[in-house]
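What follows is a short report on a single structure.
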Amino acid sequence: MTGLSDSFQRPINYLRVAVTDRCNLRCVYCMPEEGVKWMSHSDILSYEELLTIIRASAELGISKIRITGGEPLVRLGITNFVRGIAQIPGIEDIAMTTNAIFLAKNAAELKKAGLHRVNVSLDTLKPERFKKICRGVDQGGDINNVLVGIKTAQEIGLNPVKINVVVMAGVNDDEILDFARKTVEEGWHVRFIELMPFTGHDGETPSGLTTRELKHRIDPLGKMEPYKHQWGNGPAKYYKLPDAKGTIGFISALSEHFCFSCSRLRLTADGKLRPCLMSETMIDLREPLRGGISGDKLKELIQLAVTAKPMEHHLSEGNKPNDRPFCQVGG
Ligand code: SAM
Ligand code: SF4
């Protein structure tokens, strides 16, 4: 096995797998308040089907898996799924992105099953604001669940636990310093994410802040030094404030896009392999799988998606995907 690389010689070793499009939250930048029309259960790939795809991908050279959604912890049986991935030869890293509402009660089992680490999405430290941004439904509106989830994950060793913060002008940009201080006072690893335009935004959606603006806002806390160790596979650039145990990362999808180092493919919950978050090209794996495709033919389809990877997303030039909201693309 020599590994996968795309038409621009980028090594491709990372697959993001959405296990569901459903979610117990409705974050303003991700989903409309009324939710989206959920995919039906039969549209969504079974865990067996997902494992077949991951196995074929691993044989081609994929070594890192991120489980995402929708909210991965709302899908029943997720721990067994993690255990299944951990048994696939060639998979070296298994991570999850979660809103952490259900993390505290699942963290220990997930760790035991083979999950290495989690990223937690949290855009505010204020309980009332949390309810507004995430519009929690069912058991989703209580920020304490997230905070306890983060602590539990840290204690159990799902480290580094990274906190993803989407910064929005006039909504939570007054908390940039509070999040940055958490890296000093509590050793958090905080990543500020530039808001991306997306279908699923409703009328209230505000504008994002650029990484340059974010860095400027953090100036009062001292000079940030670049932090050399780049974890995982991600696009974030990391820094440390003086005396901080934790780090501050910036994910600048728009202002300083990182397409030149992109190593990823995305699998949607209904089995479409997307070469790029922003591209509308999708390769359907579900119907071929259900039609009994051979392992070799499946690998050919995966290879096709790799070859179809565009050079870059052109988001900053106004390119905006309009076919699916974030929760349905394998965010
Ligand atoms: N439900 C999980 C969560 O929230 O962590 C996983 C899925 S969510 C779609 C994955 C990530 O996408 C989250 O960190 C979220 O903040 C981010 N996201 C969603 N919509 C976004 C947007 N319009 N711009 C930037 N990031 C976005
Ligand atoms: Fe749900 Fe995550 Fe989207 Fe928020 S960002 S609505 S938690 S999928």
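Chain labels run A, B, ... following the order of the structure tokens; each chain numbers its residues from 1, and ligands are numbered from 1 in the order shown.
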Please give the complete set of residues from region 95-291 of chain A that DSSP, run on the backbone, assigns to alpha helix (DSSP H), formatted as a PyMOL selection string.
-> chain A and resi 103-113+127-134+143-156+176-185+211-218+286-290
Closest-contact table, chain A side, partner ligand 1, 6 Å, counting only C-alpha atoms and all ligand atoms, as CSV:
residue,atom,partner,partner_atom_place_in_ligand_line,distance
A:Tyr29,CA,ligand 1,23 (N),4.6
A:Cys30,CA,ligand 1,20 (N),4.1
A:Thr68,CA,ligand 1,6 (C),4.8
A:Gly69,CA,ligand 1,7 (C),4.4
A:Gly70,CA,ligand 1,1 (N),4.8
A:Glu71,CA,ligand 1,1 (N),3.7
A:Thr97,CA,ligand 1,5 (O),4.5
A:Thr98,CA,ligand 1,5 (O),3.6
A:Asn99,CA,ligand 1,3 (C),4.3
A:Val120,CA,ligand 1,5 (O),5.4
A:Ser121,CA,ligand 1,5 (O),4.4
A:Asn164,CA,ligand 1,14 (O),5.3
A:Val166,CA,ligand 1,16 (O),5.7
A:Glu194,CA,ligand 1,25 (C),5.8
A:Leu195,CA,ligand 1,24 (N),3.8
A:Met196,CA,ligand 1,24 (N),3.7
A:Pro197,CA,ligand 1,23 (N),5.4
A:Phe198,CA,ligand 1,23 (N),5.3
A:Phe326,CA,ligand 1,9 (C),5.2
A:Cys327,CA,ligand 1,9 (C),4.5
A:Gly331,CA,ligand 1,9 (C),4.0
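With only C-alpha atoms as the atoms that count, the residue of A:Arg66, A:Asp243, A:Phe130, A:Glu49 with the shortest distance to Gly291 (chain A) is A:Glu49.
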Excluding Ala86 (chain A) and any residue of its chain fewer than 4 positions from it, enumerate the residues within 8 Å of it, using only C-alpha atoms, and give them as an MDAnalysis selection string.
-> chainID A and resid 82 91 94 113:115
Dump of N, CA and C atoms for the selected residues, as a JSON list (two decimals), in the first residue's frame:
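In the end it all went to again-v9.json:
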[["chain", "number", "residue", "atom", "x", "y", "z"],
["A", 82, "VAL", "N", -17.52, 2.68, 17.48],
["A", 82, "VAL", "CA", -16.12, 3.08, 17.74],
["A", 82, "VAL", "C", -15.26, 1.83, 17.92],
["A", 91, "ILE", "N", -6.06, 1.85, 11.01],
["A", 91, "ILE", "CA", -6.64, 3.05, 11.63],
["A", 91, "ILE", "C", -5.85, 3.38, 12.89],
["A", 94, "ILE", "N", -8.70, 7.85, 16.15],
["A", 94, "ILE", "CA", -10.16, 7.96, 16.09],
["A", 94, "ILE", "C", -10.58, 9.13, 16.98],
["A", 113, "ALA", "N", -13.75, 1.89, 24.32],
["A", 113, "ALA", "CA", -14.00, 1.30, 23.00],
["A", 113, "ALA", "C", -12.89, 1.65, 22.00],
["A", 114, "GLY", "N", -12.12, 2.69, 22.31],
["A", 114, "GLY", "CA", -11.01, 3.01, 21.40],
["A", 114, "GLY", "C", -11.00, 4.44, 20.87],
["A", 115, "LEU", "N", -11.93, 5.28, 21.37],
["A", 115, "LEU", "CA", -11.88, 6.69, 20.95],
["A", 115, "LEU", "C", -10.66, 7.35, 21.58]]
Please return as an mmCIF file with all heavy atoms, in the first residue's frame: the residues of region 145-227 of chain A that backbone DSSP assigns to strand (DSSP E or B).
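Writing done, so here's result_28.cif:
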data_model
loop_
_atom_site.group_PDB
_atom_site.id
_atom_site.type_symbol
_atom_site.label_atom_id
_atom_site.label_comp_id
_atom_site.auth_asym_id
_atom_site.auth_seq_id
_atom_site.Cartn_x
_atom_site.Cartn_y
_atom_site.Cartn_z
ATOM 1 N N LYS A 162 -10.387 19.558 22.604
ATOM 2 C CA LYS A 162 -10.303 20.891 21.987
ATOM 3 C C LYS A 162 -11.695 21.508 21.971
ATOM 4 O O LYS A 162 -12.666 20.821 21.639
ATOM 5 C CB LYS A 162 -9.776 20.778 20.559
ATOM 6 C CG LYS A 162 -8.367 20.213 20.471
ATOM 7 C CD LYS A 162 -7.949 20.101 19.018
ATOM 8 C CE LYS A 162 -6.734 19.229 18.855
ATOM 9 N NZ LYS A 162 -6.540 18.836 17.444
ATOM 10 N N ILE A 163 -11.760 22.784 22.301
ATOM 11 C CA ILE A 163 -13.050 23.470 22.349
ATOM 12 C C ILE A 163 -13.178 24.340 21.100
ATOM 13 O O ILE A 163 -12.379 25.255 20.895
ATOM 14 C CB ILE A 163 -13.156 24.378 23.607
ATOM 15 C CG1 ILE A 163 -12.686 23.628 24.875
ATOM 16 C CG2 ILE A 163 -14.556 24.940 23.751
ATOM 17 C CD1 ILE A 163 -13.468 22.402 25.226
ATOM 18 N N ASN A 164 -14.164 24.051 20.280
ATOM 19 C CA ASN A 164 -14.390 24.809 19.044
ATOM 20 C C ASN A 164 -15.351 25.955 19.306
ATOM 21 O O ASN A 164 -16.483 25.734 19.743
ATOM 22 C CB ASN A 164 -15.029 23.908 17.977
ATOM 23 C CG ASN A 164 -14.051 22.902 17.409
ATOM 24 O OD1 ASN A 164 -12.841 23.013 17.588
ATOM 25 N ND2 ASN A 164 -14.581 21.924 16.694
ATOM 26 N N VAL A 165 -14.918 27.164 19.002
ATOM 27 C CA VAL A 165 -15.767 28.344 19.216
ATOM 28 C C VAL A 165 -15.968 29.054 17.878
ATOM 29 O O VAL A 165 -15.007 29.544 17.286
ATOM 30 C CB VAL A 165 -15.092 29.347 20.192
ATOM 31 C CG1 VAL A 165 -16.041 30.489 20.532
ATOM 32 C CG2 VAL A 165 -14.581 28.646 21.441
ATOM 33 N N VAL A 166 -17.191 29.108 17.409
ATOM 34 C CA VAL A 166 -17.491 29.894 16.206
ATOM 35 C C VAL A 166 -17.808 31.310 16.684
ATOM 36 O O VAL A 166 -18.739 31.510 17.474
ATOM 37 C CB VAL A 166 -18.698 29.309 15.434
ATOM 38 C CG1 VAL A 166 -19.037 30.184 14.233
ATOM 39 C CG2 VAL A 166 -18.407 27.882 14.985
ATOM 40 N N VAL A 167 -17.013 32.264 16.227
ATOM 41 C CA VAL A 167 -17.185 33.626 16.753
ATOM 42 C C VAL A 167 -18.064 34.445 15.810
ATOM 43 O O VAL A 167 -17.822 34.490 14.607
ATOM 44 C CB VAL A 167 -15.821 34.327 16.942
ATOM 45 C CG1 VAL A 167 -16.025 35.678 17.612
ATOM 46 C CG2 VAL A 167 -14.891 33.462 17.770
ATOM 47 N N MET A 168 -19.080 35.088 16.408
ATOM 48 C CA MET A 168 -20.036 35.869 15.616
ATOM 49 C C MET A 168 -20.152 37.280 16.191
ATOM 50 O O MET A 168 -20.341 37.457 17.407
ATOM 51 C CB MET A 168 -21.411 35.190 15.674
ATOM 52 C CG MET A 168 -21.434 33.827 15.010
ATOM 53 S SD MET A 168 -22.855 32.840 15.491
ATOM 54 C CE MET A 168 -22.338 32.209 17.089
ATOM 55 N N HIS A 189 -7.801 23.906 25.541
ATOM 56 C CA HIS A 189 -7.320 24.111 24.176
ATOM 57 C C HIS A 189 -8.500 24.657 23.379
ATOM 58 O O HIS A 189 -9.458 23.923 23.104
ATOM 59 C CB HIS A 189 -6.829 22.795 23.575
ATOM 60 C CG HIS A 189 -5.717 22.184 24.375
ATOM 61 N ND1 HIS A 189 -4.448 22.735 24.425
ATOM 62 C CD2 HIS A 189 -5.686 21.108 25.184
ATOM 63 C CE1 HIS A 189 -3.691 22.004 25.216
ATOM 64 N NE2 HIS A 189 -4.421 21.014 25.706
ATOM 65 N N VAL A 190 -8.428 25.948 23.098
ATOM 66 C CA VAL A 190 -9.559 26.631 22.468
ATOM 67 C C VAL A 190 -9.234 26.923 21.014
ATOM 68 O O VAL A 190 -8.134 27.370 20.703
ATOM 69 C CB VAL A 190 -9.832 27.971 23.211
ATOM 70 C CG1 VAL A 190 -10.857 28.809 22.464
ATOM 71 C CG2 VAL A 190 -10.289 27.710 24.637
ATOM 72 N N ARG A 191 -10.183 26.642 20.146
ATOM 73 C CA ARG A 191 -9.967 26.962 18.719
ATOM 74 C C ARG A 191 -11.072 27.884 18.238
ATOM 75 O O ARG A 191 -12.265 27.564 18.355
ATOM 76 C CB ARG A 191 -9.966 25.675 17.890
ATOM 77 C CG ARG A 191 -8.992 24.666 18.487
ATOM 78 C CD ARG A 191 -8.764 23.478 17.661
ATOM 79 N NE ARG A 191 -9.949 22.907 17.071
ATOM 80 C CZ ARG A 191 -9.904 22.071 16.048
ATOM 81 N NH1 ARG A 191 -8.745 21.742 15.507
ATOM 82 N NH2 ARG A 191 -11.005 21.542 15.562
ATOM 83 N N PHE A 192 -10.665 29.031 17.741
ATOM 84 C CA PHE A 192 -11.637 29.975 17.202
ATOM 85 C C PHE A 192 -11.825 29.679 15.713
ATOM 86 O O PHE A 192 -10.863 29.611 14.952
ATOM 87 C CB PHE A 192 -11.141 31.410 17.400
ATOM 88 C CG PHE A 192 -11.082 31.828 18.840
ATOM 89 C CD1 PHE A 192 -9.859 32.055 19.470
ATOM 90 C CD2 PHE A 192 -12.247 31.986 19.590
ATOM 91 C CE1 PHE A 192 -9.796 32.430 20.806
ATOM 92 C CE2 PHE A 192 -12.192 32.371 20.933
ATOM 93 C CZ PHE A 192 -10.962 32.590 21.537
ATOM 94 N N ILE A 193 -13.080 29.523 15.343
ATOM 95 C CA ILE A 193 -13.399 29.122 13.956
ATOM 96 C C ILE A 193 -14.091 30.275 13.245
ATOM 97 O O ILE A 193 -15.033 30.862 13.797
ATOM 98 C CB ILE A 193 -14.352 27.905 13.970
ATOM 99 C CG1 ILE A 193 -13.690 26.747 14.722
ATOM 100 C CG2 ILE A 193 -14.760 27.487 12.577
ATOM 101 C CD1 ILE A 193 -14.536 25.497 14.777
ATOM 102 N N GLU A 194 -13.628 30.583 12.057
ATOM 103 C CA GLU A 194 -14.322 31.607 11.267
ATOM 104 C C GLU A 194 -15.671 31.064 10.808
ATOM 105 O O GLU A 194 -15.748 29.931 10.301
ATOM 106 C CB GLU A 194 -13.495 31.987 10.041
ATOM 107 C CG GLU A 194 -12.315 32.870 10.370
ATOM 108 C CD GLU A 194 -11.519 33.292 9.129
ATOM 109 O OE1 GLU A 194 -11.826 32.826 8.011
ATOM 110 O OE2 GLU A 194 -10.588 34.073 9.297
ATOM 111 N N THR A 199 -26.031 27.070 3.875
ATOM 112 C CA THR A 199 -27.465 26.823 3.826
ATOM 113 C C THR A 199 -27.864 26.356 5.217
ATOM 114 O O THR A 199 -27.147 25.586 5.833
ATOM 115 C CB THR A 199 -27.786 25.685 2.838
ATOM 116 O OG1 THR A 199 -27.159 26.017 1.624
ATOM 117 C CG2 THR A 199 -29.267 25.493 2.663
ATOM 118 N N HIS A 201 -28.572 28.728 7.481
ATOM 119 C CA HIS A 201 -28.588 29.997 8.198
ATOM 120 C C HIS A 201 -30.002 30.554 8.130
ATOM 121 O O HIS A 201 -30.653 30.435 7.117
ATOM 122 C CB HIS A 201 -27.687 31.013 7.490
ATOM 123 C CG HIS A 201 -26.232 30.791 7.756
ATOM 124 N ND1 HIS A 201 -25.284 31.635 7.286
ATOM 125 C CD2 HIS A 201 -25.587 29.831 8.425
ATOM 126 C CE1 HIS A 201 -24.089 31.194 7.653
ATOM 127 N NE2 HIS A 201 -24.260 30.095 8.346
ATOM 128 N N GLY A 208 -19.195 36.746 10.742
ATOM 129 C CA GLY A 208 -18.100 36.185 11.527
ATOM 130 C C GLY A 208 -16.965 37.186 11.699
ATOM 131 O O GLY A 208 -17.020 38.305 11.186
ATOM 132 N N GLU A 225 2.737 33.133 21.418
ATOM 133 C CA GLU A 225 3.853 32.501 20.699
ATOM 134 C C GLU A 225 3.307 31.326 19.894
ATOM 135 O O GLU A 225 2.473 30.571 20.399
ATOM 136 C CB GLU A 225 4.899 31.969 21.687
ATOM 137 C CG GLU A 225 5.636 33.043 22.472
ATOM 138 C CD GLU A 225 6.489 33.943 21.591
ATOM 139 O OE1 GLU A 225 6.826 33.526 20.465
ATOM 140 O OE2 GLU A 225 6.788 35.079 22.025
ATOM 141 N N PRO A 226 3.784 31.152 18.663
ATOM 142 C CA PRO A 226 3.335 29.984 17.899
ATOM 143 C C PRO A 226 3.657 28.706 18.656
ATOM 144 O O PRO A 226 4.709 28.600 19.281
ATOM 145 C CB PRO A 226 4.157 30.063 16.609
ATOM 146 C CG PRO A 226 4.601 31.471 16.503
ATOM 147 C CD PRO A 226 4.736 31.990 17.912
#
